[in-house]
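Undergrad: Below is query38.txt; it holds compact mmCIF, C-alpha atoms.
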```
# COMPACT_ATOMS: atom_id res chain seq x y z
CA MET A 256 11.26 32.62 -28.92
CA SER A 257 13.48 35.01 -27.00
CA ARG A 258 15.21 36.04 -30.22
CA VAL A 259 11.88 36.66 -31.94
CA ARG A 260 10.70 38.72 -28.99
CA PHE A 261 13.94 40.68 -29.05
CA TRP A 262 13.34 41.64 -32.68
CA MET A 263 9.66 42.41 -32.15
CA ASP A 264 10.09 44.44 -28.97
CA PHE A 265 13.46 46.07 -29.49
CA MET A 266 15.02 45.97 -32.95
CA ILE A 267 11.98 46.52 -35.18
CA PRO A 268 10.83 49.68 -33.32
CA LYS A 269 14.37 51.04 -33.47
CA LEU A 270 14.71 50.25 -37.17
CA ARG A 271 11.34 51.90 -37.81
CA ARG A 272 12.49 55.08 -36.08
CA VAL A 273 15.73 55.06 -38.06
CA PHE A 274 13.78 54.57 -41.30
CA GLU A 275 11.42 57.44 -40.45
CA PHE A 276 14.38 59.64 -39.62
CA MET A 277 16.24 58.73 -42.80
CA SER A 278 13.14 59.32 -44.93
CA ALA A 279 12.47 62.73 -43.39
CA GLN A 280 16.12 63.73 -43.55
CA GLY A 281 16.27 62.48 -47.12
CA ILE A 282 13.43 64.82 -48.08
CA THR A 283 15.04 67.69 -46.17
CA MET A 284 18.44 67.02 -47.68
CA ALA A 285 16.99 66.73 -51.17
CA GLY A 286 15.20 70.05 -50.73
CA ASN A 287 18.34 71.79 -49.45
CA LEU A 288 20.52 70.28 -52.15
CA LEU A 289 18.08 71.20 -54.88
CA TYR A 290 17.80 74.73 -53.49
CA GLY A 291 21.57 75.14 -53.53
CA LEU A 292 22.03 73.58 -56.93
CA LEU A 293 19.29 75.73 -58.43
CA CYS A 294 21.11 78.76 -57.07
CA VAL A 295 24.30 77.45 -58.71
CA ARG A 296 22.54 77.04 -62.06
CA LEU A 297 20.21 80.06 -62.05
CA LEU A 298 22.33 82.81 -60.54
CA PRO A 299 25.06 84.56 -62.53
CA ILE A 300 28.53 83.88 -61.17
CA PRO A 301 28.91 87.33 -59.48
CA GLU A 302 25.51 86.94 -57.76
CA TYR A 303 26.23 83.38 -56.65
CA ALA A 304 29.56 84.57 -55.22
CA LYS A 305 27.57 86.82 -52.84
CA PHE A 306 25.46 83.86 -51.77
CA VAL A 307 28.60 81.79 -51.13
CA VAL A 308 30.35 84.43 -49.05
CA VAL A 309 27.34 85.24 -46.84
CA PHE A 310 26.64 81.65 -45.86
CA ALA A 311 30.31 80.75 -45.45
CA ILE A 312 30.73 83.60 -42.97
CA GLN A 313 27.44 82.65 -41.33
CA GLY A 314 28.80 79.17 -40.65
CA THR A 315 31.80 80.66 -38.90
CA THR A 316 29.76 83.20 -36.92
CA VAL A 317 27.24 80.61 -35.70
CA VAL A 318 30.05 78.59 -34.16
CA LEU A 319 31.62 81.65 -32.55
CA MET A 320 28.27 82.65 -31.04
CA ASP A 321 27.92 79.20 -29.52
CA ILE A 322 31.49 77.90 -28.89
CA GLY A 323 30.08 74.45 -28.21
CA ILE A 324 27.82 75.25 -25.26
CA THR A 325 24.63 74.09 -27.00
CA GLY A 326 26.06 70.63 -27.52
CA SER A 327 26.58 70.30 -23.76
CA LEU A 328 22.84 69.88 -23.07
CA ILE A 329 22.66 66.19 -24.02
CA PRO A 330 25.63 64.96 -21.92
CA LEU A 331 24.68 67.23 -19.00
CA VAL A 332 21.14 65.88 -18.85
CA GLY A 333 22.22 62.30 -19.55
CA HIS A 334 19.54 59.79 -18.61
CA ARG A 335 17.47 62.35 -16.64
CA ILE A 336 15.31 63.17 -19.64
CA ASP A 337 12.10 63.19 -17.57
CA ASP A 338 13.32 65.98 -15.28
CA ARG A 339 11.75 68.89 -17.15
CA GLN A 340 12.76 71.50 -14.62
CA LEU A 341 16.39 70.41 -14.86
CA ILE A 342 16.33 70.68 -18.65
CA ALA A 343 14.60 74.08 -18.51
CA ASP A 344 17.18 75.36 -16.03
CA TYR A 345 20.04 74.25 -18.24
CA VAL A 346 18.40 75.89 -21.27
CA ALA A 347 17.96 79.15 -19.34
CA SER A 348 21.61 79.06 -18.29
CA LEU A 349 22.63 78.35 -21.89
CA ARG A 350 20.56 81.33 -23.01
CA GLN A 351 22.40 83.67 -20.62
CA LEU A 352 25.77 82.51 -21.90
CA ALA A 353 24.57 82.89 -25.50
CA HIS A 354 23.52 86.50 -24.90
CA TRP A 355 26.98 87.33 -23.57
CA LEU A 356 28.64 85.66 -26.55
CA PHE A 357 26.43 87.57 -28.99
CA ALA A 358 27.44 90.85 -27.36
CA ILE A 359 31.08 89.94 -28.01
CA VAL A 360 30.85 88.46 -31.51
CA ALA A 361 28.40 90.89 -33.15
CA PRO A 362 30.68 93.98 -32.97
CA LEU A 363 33.59 91.89 -34.27
CA MET A 364 31.48 90.79 -37.24
CA ILE A 365 30.47 94.36 -38.04
CA VAL A 366 34.15 95.33 -38.30
CA ALA A 367 35.62 92.16 -39.81
CA PHE A 368 33.19 91.43 -42.65
CA PRO A 369 33.77 94.64 -44.65
CA LEU A 370 37.52 94.05 -44.38
CA LEU A 371 37.17 90.49 -45.67
CA VAL A 372 35.22 91.47 -48.80
CA ARG A 373 36.98 94.74 -49.56
CA LYS A 374 38.42 93.31 -52.82
CA ARG A 375 35.00 92.26 -54.13
CA ASN A 376 34.15 95.82 -55.23
CA TRP A 377 30.70 95.67 -53.64
CA THR A 378 28.95 98.91 -52.66
CA TRP A 379 28.69 99.85 -49.01
CA GLN A 380 24.92 99.32 -49.17
CA ILE A 381 25.42 95.70 -50.28
CA VAL A 382 28.03 95.08 -47.59
CA ALA A 383 25.84 96.67 -44.87
CA GLY A 384 22.88 94.56 -45.96
CA MET A 385 25.02 91.43 -45.76
CA VAL A 386 26.15 92.28 -42.24
CA ILE A 387 22.55 92.74 -41.08
CA ILE A 388 21.54 89.45 -42.69
CA LEU A 389 24.47 87.69 -41.02
CA LEU A 390 23.61 88.97 -37.55
CA VAL A 391 19.93 88.05 -37.86
CA SER A 392 20.49 84.63 -39.41
CA THR A 393 23.24 83.58 -36.99
CA TRP A 394 21.12 84.56 -33.99
CA PHE A 395 18.20 82.45 -35.16
CA ALA A 396 20.52 79.58 -36.13
CA ARG A 397 21.79 79.55 -32.54
CA VAL A 398 18.21 79.58 -31.22
CA SER A 399 17.42 76.65 -33.48
CA ALA A 400 20.39 74.64 -32.18
CA ALA A 401 19.61 75.30 -28.51
CA TYR A 402 15.90 74.54 -28.56
CA GLY A 403 16.32 71.77 -31.10
CA SER A 404 18.45 69.99 -28.47
CA VAL A 405 15.44 70.07 -26.13
CA LEU A 406 13.36 68.20 -28.70
CA ILE A 407 16.10 65.62 -29.07
CA VAL A 408 16.48 65.17 -25.31
CA ARG A 409 12.71 64.83 -24.90
CA ARG A 410 12.64 62.39 -27.84
CA ASP A 411 10.28 64.47 -29.93
CA ARG A 412 12.12 63.49 -33.08
CA LYS A 413 9.14 63.82 -35.41
CA ARG A 414 8.70 67.52 -34.65
CA TRP A 415 12.46 68.00 -34.90
CA TYR A 416 12.78 66.73 -38.45
CA ARG A 417 9.31 67.89 -39.53
CA ALA A 418 10.31 71.51 -38.93
CA GLN A 419 13.34 71.04 -41.14
CA MET A 420 11.27 69.37 -43.85
CA VAL A 421 8.75 72.23 -43.92
CA SER A 422 11.53 74.81 -44.04
CA SER A 423 13.42 72.98 -46.79
CA LEU A 424 10.42 72.46 -49.05
CA GLY A 425 9.02 75.92 -48.30
CA THR A 426 12.22 77.74 -49.23
CA LEU A 427 12.51 75.64 -52.39
CA ALA A 428 8.97 76.59 -53.40
CA LEU A 429 9.68 80.28 -52.75
CA LEU A 430 12.84 80.10 -54.82
CA LEU A 431 10.91 78.67 -57.77
CA VAL A 432 8.24 81.39 -57.42
CA PHE A 433 10.89 84.12 -57.44
CA TRP A 434 12.54 82.54 -60.47
CA ALA A 435 9.23 82.23 -62.32
CA PHE A 436 8.50 85.94 -61.80
CA HIS A 437 12.10 86.97 -62.64
CA TRP A 438 12.69 88.27 -59.12
CA LEU A 439 15.62 85.98 -58.37
CA THR A 440 18.87 87.72 -57.43
CA GLY A 441 21.70 86.91 -55.09
CA PHE A 442 20.03 88.87 -52.30
CA SER A 443 16.59 87.36 -52.79
CA ALA A 444 18.10 83.85 -52.69
CA ILE A 445 19.90 84.75 -49.48
CA LEU A 446 16.77 86.19 -47.85
CA ILE A 447 14.67 83.14 -48.75
CA ASN A 448 17.25 80.91 -47.09
CA VAL A 449 17.27 83.12 -44.00
CA ALA A 450 13.47 82.88 -43.83
CA GLY A 451 13.85 79.10 -43.61
CA ILE A 452 16.33 79.43 -40.75
CA ILE A 453 13.95 81.68 -38.82
CA SER A 454 11.06 79.29 -39.42
CA VAL A 455 12.94 76.35 -37.91
CA ALA A 456 14.11 78.41 -34.94
CA LEU A 457 10.61 79.62 -34.06
CA THR A 458 9.16 76.12 -34.43
CA TYR A 459 11.76 74.61 -32.11
CA PHE A 460 11.36 77.43 -29.60
CA LEU A 461 7.59 77.06 -29.35
CA ARG A 462 7.71 73.27 -29.25
CA ALA A 463 10.43 73.23 -26.58
CA ARG A 464 8.37 75.53 -24.35
CA HIS A 465 5.40 73.18 -24.76
CA LEU A 466 7.46 70.06 -23.99
CA LEU A 467 9.05 71.50 -20.87
CA GLY A 468 5.94 73.23 -19.54
CA THR A 469 7.97 75.15 -17.01
CA ARG A 470 10.12 78.23 -16.91
CA GLY A 471 13.81 77.65 -16.48
CA VAL A 472 15.82 79.40 -13.80
CA PRO A 473 19.44 80.14 -14.72
CA SER A 474 22.00 79.54 -12.03
CA ARG A 475 25.70 80.00 -11.55
CA GLN A 476 26.10 76.30 -10.75
CA LYS A 477 24.63 75.22 -14.09
CA ARG A 478 26.55 77.86 -16.02
CA ASN A 479 29.71 76.54 -14.38
CA ALA A 480 28.79 72.95 -15.30
CA ILE A 481 28.26 74.04 -18.92
CA VAL A 482 31.55 75.92 -18.98
CA GLN A 483 33.45 73.07 -17.30
CA LEU A 484 32.16 70.57 -19.81
CA THR A 485 32.84 72.74 -22.86
CA LEU A 486 36.01 74.53 -21.69
CA PRO A 487 38.47 71.94 -23.03
CA SER A 488 36.75 72.16 -26.42
CA ILE A 489 36.51 75.95 -26.63
CA PRO A 490 40.00 76.59 -28.10
CA GLY A 491 39.33 73.99 -30.77
CA VAL A 492 35.81 75.30 -31.44
CA VAL A 493 37.03 78.87 -31.84
CA PHE A 494 39.87 77.64 -34.00
CA TYR A 495 37.53 75.69 -36.24
CA ALA A 496 35.07 78.55 -36.38
CA LEU A 497 37.81 80.36 -38.25
CA GLN A 498 39.00 77.22 -40.06
CA GLY A 499 35.65 75.64 -40.94
CA GLN A 500 35.19 77.82 -44.00
CA ILE A 501 38.88 78.22 -44.70
CA SER A 502 38.50 77.41 -48.41
CA VAL A 503 35.95 80.15 -49.02
CA LEU A 504 37.80 82.61 -46.80
CA MET A 505 41.07 82.05 -48.64
CA ILE A 506 39.58 82.23 -52.11
CA THR A 507 37.55 85.33 -51.15
CA THR A 508 40.73 87.03 -49.98
CA PHE A 509 43.08 86.02 -52.81
CA GLY A 510 41.03 84.62 -55.69
CA ARG A 511 38.83 85.93 -58.45
CA THR A 512 35.03 86.12 -58.24
CA ALA A 513 34.69 83.11 -60.57
CA ALA A 514 36.91 81.07 -58.25
CA VAL A 515 34.76 82.05 -55.25
CA ALA A 516 31.66 80.83 -57.08
CA SER A 517 33.42 77.59 -58.12
CA VAL A 518 34.40 76.76 -54.55
CA GLY A 519 30.85 77.46 -53.42
CA ALA A 520 29.39 75.30 -56.18
CA LEU A 521 31.71 72.40 -55.32
CA ALA A 522 30.77 72.76 -51.66
CA ARG A 523 27.20 71.98 -52.69
CA LEU A 524 28.40 68.59 -53.85
CA GLY A 525 30.03 68.05 -50.47
CA GLN A 526 26.62 68.38 -48.89
CA VAL A 527 25.82 64.81 -49.92
CA PHE A 528 27.58 63.82 -46.69
CA SER A 529 25.22 65.96 -44.63
CA LEU A 530 22.49 63.33 -44.70
CA VAL A 531 24.71 60.96 -42.73
CA ALA A 532 26.33 63.67 -40.60
CA GLN A 533 22.96 64.97 -39.39
CA MET A 534 22.40 61.66 -37.62
CA ASN A 535 25.16 62.58 -35.18
CA PRO A 536 23.15 64.92 -32.90
CA MET A 537 19.88 63.11 -33.55
CA LEU A 538 20.83 59.44 -33.16
CA VAL A 539 24.53 58.94 -32.52
CA GLU A 540 25.06 61.21 -29.50
CA PRO A 541 21.97 60.13 -27.50
CA TYR A 542 22.62 56.47 -28.34
CA PHE A 543 26.30 56.45 -27.32
CA ALA A 544 25.63 58.62 -24.25
CA LYS A 545 23.50 55.89 -22.65
CA LEU A 546 25.59 52.84 -23.64
CA SER A 547 27.38 50.95 -20.91
CA ARG A 548 31.15 50.63 -21.18
CA THR A 549 30.83 46.93 -22.01
CA GLN A 550 28.74 47.76 -25.07
CA LEU A 551 30.70 50.81 -26.16
CA LYS A 552 33.70 49.42 -28.05
CA ALA A 553 31.80 47.10 -30.41
CA ASN A 554 29.22 49.75 -31.28
CA TYR A 555 31.99 52.32 -31.77
CA LEU A 556 33.78 50.13 -34.31
CA ILE A 557 30.58 49.25 -36.16
CA ALA A 558 29.66 52.93 -36.54
CA ILE A 559 33.12 53.78 -37.88
CA GLY A 560 32.97 50.90 -40.36
CA VAL A 561 29.57 51.89 -41.73
CA VAL A 562 30.34 55.60 -42.07
CA GLY A 563 33.81 54.94 -43.46
CA GLY A 564 32.30 52.66 -46.11
CA ILE A 565 29.92 55.42 -47.18
CA GLY A 566 32.83 57.83 -47.58
CA ILE A 567 34.89 55.36 -49.65
CA PHE A 568 31.94 54.73 -51.98
CA ALA A 569 31.44 58.47 -52.58
CA VAL A 570 35.14 59.02 -53.32
CA GLY A 571 35.18 56.10 -55.77
CA LEU A 572 32.13 57.42 -57.57
CA ALA A 573 33.71 60.86 -57.96
CA GLY A 574 36.98 59.34 -59.18
CA PHE A 575 35.44 57.18 -61.89
CA PHE A 576 32.42 59.29 -62.86
CA PRO A 577 33.18 62.99 -62.28
CA GLN A 578 30.93 63.92 -65.21
CA LEU A 579 27.92 62.85 -63.14
CA PHE A 580 28.67 65.54 -60.57
CA LEU A 581 29.58 68.16 -63.16
CA TRP A 582 26.28 67.62 -64.95
CA VAL A 583 24.56 68.48 -61.66
CA LEU A 584 26.51 71.73 -61.35
CA GLY A 585 25.79 72.85 -64.89
CA PRO A 586 27.83 74.09 -67.86
CA LYS A 587 29.42 77.05 -66.05
CA TYR A 588 31.54 74.61 -64.02
CA TYR A 589 32.22 71.92 -66.68
CA ASN A 590 36.05 72.00 -66.24
CA LEU A 591 36.23 71.07 -62.52
CA HIS A 592 36.94 67.33 -62.99
CA PHE A 593 39.76 66.88 -60.48
CA GLU A 594 38.21 69.39 -58.08
CA VAL A 595 35.14 67.13 -57.77
CA LEU A 596 37.35 64.31 -56.52
CA GLN A 597 39.05 66.68 -54.08
CA VAL A 598 35.70 67.74 -52.62
CA MET A 599 34.60 64.13 -52.13
CA ILE A 600 37.88 63.19 -50.43
CA GLY A 601 37.62 66.12 -48.04
CA GLY A 602 33.95 65.43 -47.37
CA ALA A 603 34.57 61.75 -46.62
CA ILE A 604 37.38 62.54 -44.18
CA GLY A 605 35.22 65.20 -42.51
CA LEU A 606 32.32 62.76 -42.25
CA VAL A 607 34.38 60.20 -40.34
CA SER A 608 35.99 62.91 -38.22
CA GLY A 609 32.57 64.29 -37.29
CA LEU A 610 31.43 60.83 -36.22
CA PHE A 611 34.47 60.44 -33.97
CA SER A 612 33.82 63.89 -32.50
CA SER A 613 30.15 63.12 -31.75
CA MET A 614 30.86 59.75 -30.17
CA ASN A 615 33.74 61.17 -28.13
CA GLY A 616 31.63 64.11 -26.96
CA SER A 617 28.74 61.89 -25.90
CA ARG A 618 31.14 59.95 -23.62
CA ARG A 619 32.94 63.11 -22.40
CA PHE A 620 36.13 62.07 -24.19
CA ASN A 621 37.11 65.73 -24.59
CA TYR A 622 40.41 66.88 -23.12
CA TYR A 623 42.57 70.00 -23.08
CA TRP A 624 45.55 68.25 -24.65
CA GLN A 625 43.46 67.00 -27.55
CA ASN A 626 42.44 70.49 -28.61
CA LEU A 627 46.03 71.67 -28.40
CA THR A 628 47.05 68.68 -30.51
CA THR A 629 44.34 69.42 -33.08
CA ILE A 630 45.29 73.06 -33.42
CA THR A 631 48.98 72.22 -33.69
CA LEU A 632 48.48 69.53 -36.33
CA VAL A 633 46.12 71.65 -38.41
CA LEU A 634 48.41 74.68 -38.33
CA ILE A 635 51.42 72.59 -39.37
CA VAL A 636 49.50 71.01 -42.24
CA GLN A 637 48.00 74.31 -43.37
CA ALA A 638 51.31 76.16 -43.21
CA THR A 639 52.88 73.44 -45.36
CA ILE A 640 50.08 73.52 -47.93
CA ILE A 641 49.97 77.32 -48.11
CA TRP A 642 53.75 77.35 -48.61
CA LYS A 643 53.60 74.76 -51.40
CA THR A 644 50.30 75.67 -53.11
CA ASP A 645 48.80 78.69 -54.85
CA MET A 646 45.90 79.87 -52.66
CA SER A 647 44.34 81.88 -55.47
CA THR A 648 43.32 78.67 -57.27
CA VAL A 649 40.39 76.38 -56.59
CA GLN A 650 42.59 73.28 -56.33
CA GLY A 651 44.88 75.02 -53.85
CA VAL A 652 42.17 75.91 -51.35
CA LEU A 653 40.59 72.45 -51.71
CA TRP A 654 43.90 70.81 -50.80
CA LEU A 655 43.94 73.07 -47.77
CA GLY A 656 40.53 71.76 -46.72
CA ILE A 657 41.56 68.13 -47.19
CA GLY A 658 44.68 68.58 -45.10
CA SER A 659 42.76 70.32 -42.32
CA SER A 660 40.15 67.55 -42.18
CA ALA A 661 42.83 64.84 -42.08
CA ALA A 662 44.62 66.57 -39.19
CA ALA A 663 41.36 66.88 -37.23
CA LEU A 664 40.55 63.21 -37.83
CA THR A 665 43.97 62.21 -36.50
CA SER A 666 43.39 64.15 -33.29
CA ASN A 667 39.88 62.70 -32.82
CA ILE A 668 41.27 59.19 -33.19
CA LEU A 669 43.89 59.91 -30.53
CA GLY A 670 41.15 61.26 -28.25
CA ALA A 671 39.12 58.08 -28.71
CA PHE A 672 42.07 55.84 -27.79
CA TYR A 673 42.77 57.95 -24.70
CA GLY A 674 39.11 57.98 -23.70
CA PHE A 675 38.81 54.21 -23.87
CA ALA A 676 41.97 53.84 -21.80
CA ARG A 677 41.27 56.51 -19.16
CA GLY A 678 37.52 57.17 -19.27
CA GLY A 679 35.59 60.38 -19.83
CA ARG A 680 36.09 63.63 -17.95
CA ARG A 681 34.39 63.95 -14.58
CA ILE A 682 32.46 67.18 -14.05
CA GLU A 683 32.08 68.64 -10.57
CA GLY A 684 28.46 68.67 -9.44
CA LEU A 685 27.38 66.40 -12.29
CA ASP A 686 26.20 62.81 -12.09
CA ASN A 687 29.18 60.73 -13.25
CA SER A 688 27.47 57.34 -13.07
CA LEU A 689 27.97 57.00 -16.81
CA GLU A 690 31.62 56.17 -16.26
CA ARG A 691 30.87 53.57 -13.56
CA LYS A 692 28.83 51.34 -15.81
```
Could you spell out this file's structure in structure tokens?
TA:
Amino acid sequence: MSRVRFWMDFMIPKLRRVFEFMSAQGITMAGNLLYGLLCVRLLPIPEYAKFVVVFAIQGTTVVLMDIGITGSLIPLVGHRIDDRQLIADYVASLRQLAHWLFAIVAPLMIVAFPLLVRKRNWTWQIVAGMVIILLVSTWFARVSAAYGSVLIVRRDRKRWYRAQMVSSLGTLALLLVFWAFHWLTGFSAILINVAGIISVALTYFLRARHLLGTRGVPSRQKRNAIVQLTLPSIPGVVFYALQGQISVLMITTFGRTAAVASVGALARLGQVFSLVAQMNPMLVEPYFAKLSRTQLKANYLIAIGVVGGIGIFAVGLAGFFPQLFLWVLGPKYYNLHFEVLQVMIGGAIGLVSGLFSSMNGSRRFNYYWQNLTTITLVLIVQATIIWKTDMSTVQGVLWLGIGSSAAALTSNILGAFYGFARGGRRIEGLDNSLERK
């Protein structure tokens, strides 16, 4: 009877929530994938190259404008999810830090982006428009991340993934309308995507204000707690902000326009791992943050086994049936057989590495030495690959991505071993009862 009650009262509700989440994320992921793949198929290669470059740089800029501070909300709040004033105060303190970061990063972007794309032969009007789009979209992406964390902390998961579903399906519908009326260009595809980002950000912002019901008061103490928690990770975050889109950055600098579009098209295939990876902030981090130490190891190993199995399956599928993926990309990319396998290998390694990072972060297994180790390993691997490989080719930059992901995974594994042996970091002024369980 006790086992039946356990399933009725505990496991079935949890499985139902996971199923709801997976269904919603499946719809969102399908919409995003279809949007990207339609852009691959419908846009001429030069126009799709613009799309690739803008959103690659956006990914880097979003990280630089955040440097990991948004992810600190969940471990800082911990089990005190009913203390709305505490959450609001942390959000207000996060907002102050974000404003300062924007004031630093925005001028750098205005100078750096034109230099990066100077060999693309784009007019100054096109480049200026891209810079404006980047600044607007990265600001709203940061807003979305910050206030989306409030929904996760307050367990309003339905609103969290519903906003993404509406955005995904809405942008897909707009794309089809623009295509039907022959309005579709690289810029229109970019602007439709940006509209989706703004939609999610505004939804999260309004919902977070409703859930908290109180105005946050920023304080030096909470800013210091945020900085203390994220400080060991900042060098690695900044490093990976520059490294996260290394393939596109390298091919944009040294390769031809067709190669830029090919790397971007292949990256769309790598998004198949995003469905699993998006569970990290939504399910993995809150779940592992509240586990006792006695429960932690077994759950840690189970999670690694499940996610690792997903990665192995995807790599095997790409190795034996690359034509399946190439059919999705369309005839313009029919010759990228080996490159498909490379993308799946890199995506699988990144998927497992991201899981390690999320589980480690939820337990405060983040240390100064680990970030130094990560940076050192990645630089050694990248220097070796750049020395041995032609960075103007698609295969060359994909090998660079695989090597970088493998180095990061190695460092995350070392951090996990150290965390289990020594425990998570203790933050001054923060409840550290998590480590006493």
Undergrad: Residues near Tyr402 in chain A, anyone? I mean within 9 Å using all atoms listed in the file, not counting same-chain ones fewer than 3 positions away, as a PyMOL selection string.
TA: chain A and resi 325+346+397-399+405-407+456+459-464
Undergrad: Suppose we keep C-alpha atoms; can you now write the selection as a CSV table (one decimal), in the coordinates of the input?
TA:
```csv
chain,number,residue,atom,x,y,z
A,325,THR,CA,24.6,74.1,-27.0
A,346,VAL,CA,18.4,75.9,-21.3
A,397,ARG,CA,21.8,79.6,-32.5
A,398,VAL,CA,18.2,79.6,-31.2
A,399,SER,CA,17.4,76.6,-33.5
A,405,VAL,CA,15.4,70.1,-26.1
A,406,LEU,CA,13.4,68.2,-28.7
A,407,ILE,CA,16.1,65.6,-29.1
A,456,ALA,CA,14.1,78.4,-34.9
A,459,TYR,CA,11.8,74.6,-32.1
A,460,PHE,CA,11.4,77.4,-29.6
A,461,LEU,CA,7.6,77.1,-29.4
A,462,ARG,CA,7.7,73.3,-29.2
A,463,ALA,CA,10.4,73.2,-26.6
A,464,ARG,CA,8.4,75.5,-24.4
```
Undergrad: Compare A:Val408, A:Val503, A:Pro487, A:Ala428 by their minimum atom-to-atom distance to Thr648 in chain A, counting only C-alpha atoms, and give me the closest one.
TA: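 Looking at the shortest contact to Thr648 in chain A, the residue is A:Val503.
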Undergrad: With only C-alpha atoms as the basis for distance, which of A:Ala450, A:Leu319, A:Leu289, A:Leu546 is at the shortest distance from Val583 in chain A?
TA: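 Counting only C-alpha atoms, the residue closest to Val583 in chain A is A:Leu289.
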Undergrad: Using all atoms listed in the file, which protein or nucleic acid residues come within 10 Å of range 597-600 of chain A? Drop anything in the same chain fewer than 4 positions from it, and give the result as an MDAnalysis selection string.
TA: chainID A and resid 518 521:528 566:574 591:593 604:606 650 653:654 656:657 660:661
Undergrad: Could you write those residues out with C-alpha atoms, as a short mmCIF file (atom, residue, chain, number, x, y, z; two decimals), keeping the file's coordinate frame?
TA:
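Final output, saved to selection_7.cif:
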```
data_model
loop_
_atom_site.label_atom_id
_atom_site.label_comp_id
_atom_site.auth_asym_id
_atom_site.auth_seq_id
_atom_site.Cartn_x
_atom_site.Cartn_y
_atom_site.Cartn_z
CA VAL A 518 34.40 76.76 -54.55
CA LEU A 521 31.71 72.40 -55.32
CA ALA A 522 30.77 72.76 -51.66
CA ARG A 523 27.20 71.98 -52.69
CA LEU A 524 28.40 68.59 -53.85
CA GLY A 525 30.03 68.05 -50.47
CA GLN A 526 26.62 68.38 -48.89
CA VAL A 527 25.82 64.81 -49.92
CA PHE A 528 27.58 63.82 -46.69
CA GLY A 566 32.83 57.83 -47.58
CA ILE A 567 34.89 55.36 -49.65
CA PHE A 568 31.94 54.73 -51.98
CA ALA A 569 31.44 58.47 -52.58
CA VAL A 570 35.14 59.02 -53.32
CA GLY A 571 35.18 56.10 -55.77
CA LEU A 572 32.13 57.42 -57.57
CA ALA A 573 33.71 60.86 -57.96
CA GLY A 574 36.98 59.34 -59.18
CA LEU A 591 36.23 71.07 -62.52
CA HIS A 592 36.94 67.33 -62.99
CA PHE A 593 39.76 66.88 -60.48
CA ILE A 604 37.38 62.54 -44.18
CA GLY A 605 35.22 65.20 -42.51
CA LEU A 606 32.32 62.76 -42.25
CA GLN A 650 42.59 73.28 -56.33
CA LEU A 653 40.59 72.45 -51.71
CA TRP A 654 43.90 70.81 -50.80
CA GLY A 656 40.53 71.76 -46.72
CA ILE A 657 41.56 68.13 -47.19
CA SER A 660 40.15 67.55 -42.18
CA ALA A 661 42.83 64.84 -42.08
#
```
Undergrad: Using all atoms listed in the file, pick whichever of A:Arg475, A:Lys305, A:Arg350, A:Arg409 has the shortest atom-to-atom distance to Trp377 in chain A.
TA: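 Nearest candidate to Trp377 in chain A out of A:Arg475, A:Lys305, A:Arg350, A:Arg409: A:Lys305.
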Undergrad: Counting all atoms listed in the file, figure out which residue out of A:Gln476, A:Pro330, A:Lys552, A:Val307 gets nearest to Ser517 in chain A.
TA: A:Val307
Undergrad: Output as AutoDock Vina command-line options the centre and edge lengths (Å, one decimal) of the box along x, y and z of the file that holds every listed atom of range 641-655 of chain A after adding 4 Å on each side.
TA:
```
--center_x 47.1 --center_y 76.3 --center_z -52.5 --size_x 21.4 --size_y 19.1 --size_z 17.5
```
Undergrad: For a test of reading the model, state the distance in Å between CA of Gly563 in chain A and CA of Tyr673 in chain A, rounded to one decimal.
TA: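 Between CA of Gly563 in chain A and CA of Tyr673 in chain A the gap is 21.0 Å.
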Undergrad: When you get a chance, write out N, CA and C atoms for range 473-481 of chain A, as a compact mmCIF listing (two decimals), in the frame of the given file.
TA:
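rebuild_22.txt was written with the following content:
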```
# COMPACT_ATOMS: atom_id res chain seq x y z
N PRO A 473 17.98 80.25 -14.56
CA PRO A 473 19.44 80.14 -14.72
C PRO A 473 20.14 80.20 -13.38
N SER A 474 21.25 79.54 -13.29
CA SER A 474 22.00 79.54 -12.03
C SER A 474 23.49 79.50 -12.33
N ARG A 475 24.24 80.00 -11.39
CA ARG A 475 25.70 80.00 -11.55
C ARG A 475 26.24 78.57 -11.59
N GLN A 476 25.63 77.68 -10.79
CA GLN A 476 26.10 76.30 -10.75
C GLN A 476 25.97 75.63 -12.12
N LYS A 477 24.84 75.85 -12.78
CA LYS A 477 24.63 75.22 -14.09
C LYS A 477 25.47 75.90 -15.16
N ARG A 478 25.64 77.20 -15.07
CA ARG A 478 26.55 77.86 -16.02
C ARG A 478 27.96 77.30 -15.87
N ASN A 479 28.38 77.09 -14.61
CA ASN A 479 29.71 76.54 -14.38
C ASN A 479 29.83 75.12 -14.93
N ALA A 480 28.77 74.32 -14.77
CA ALA A 480 28.79 72.95 -15.30
C ALA A 480 28.92 72.98 -16.82
N ILE A 481 28.18 73.90 -17.47
CA ILE A 481 28.26 74.04 -18.92
C ILE A 481 29.67 74.45 -19.34
```
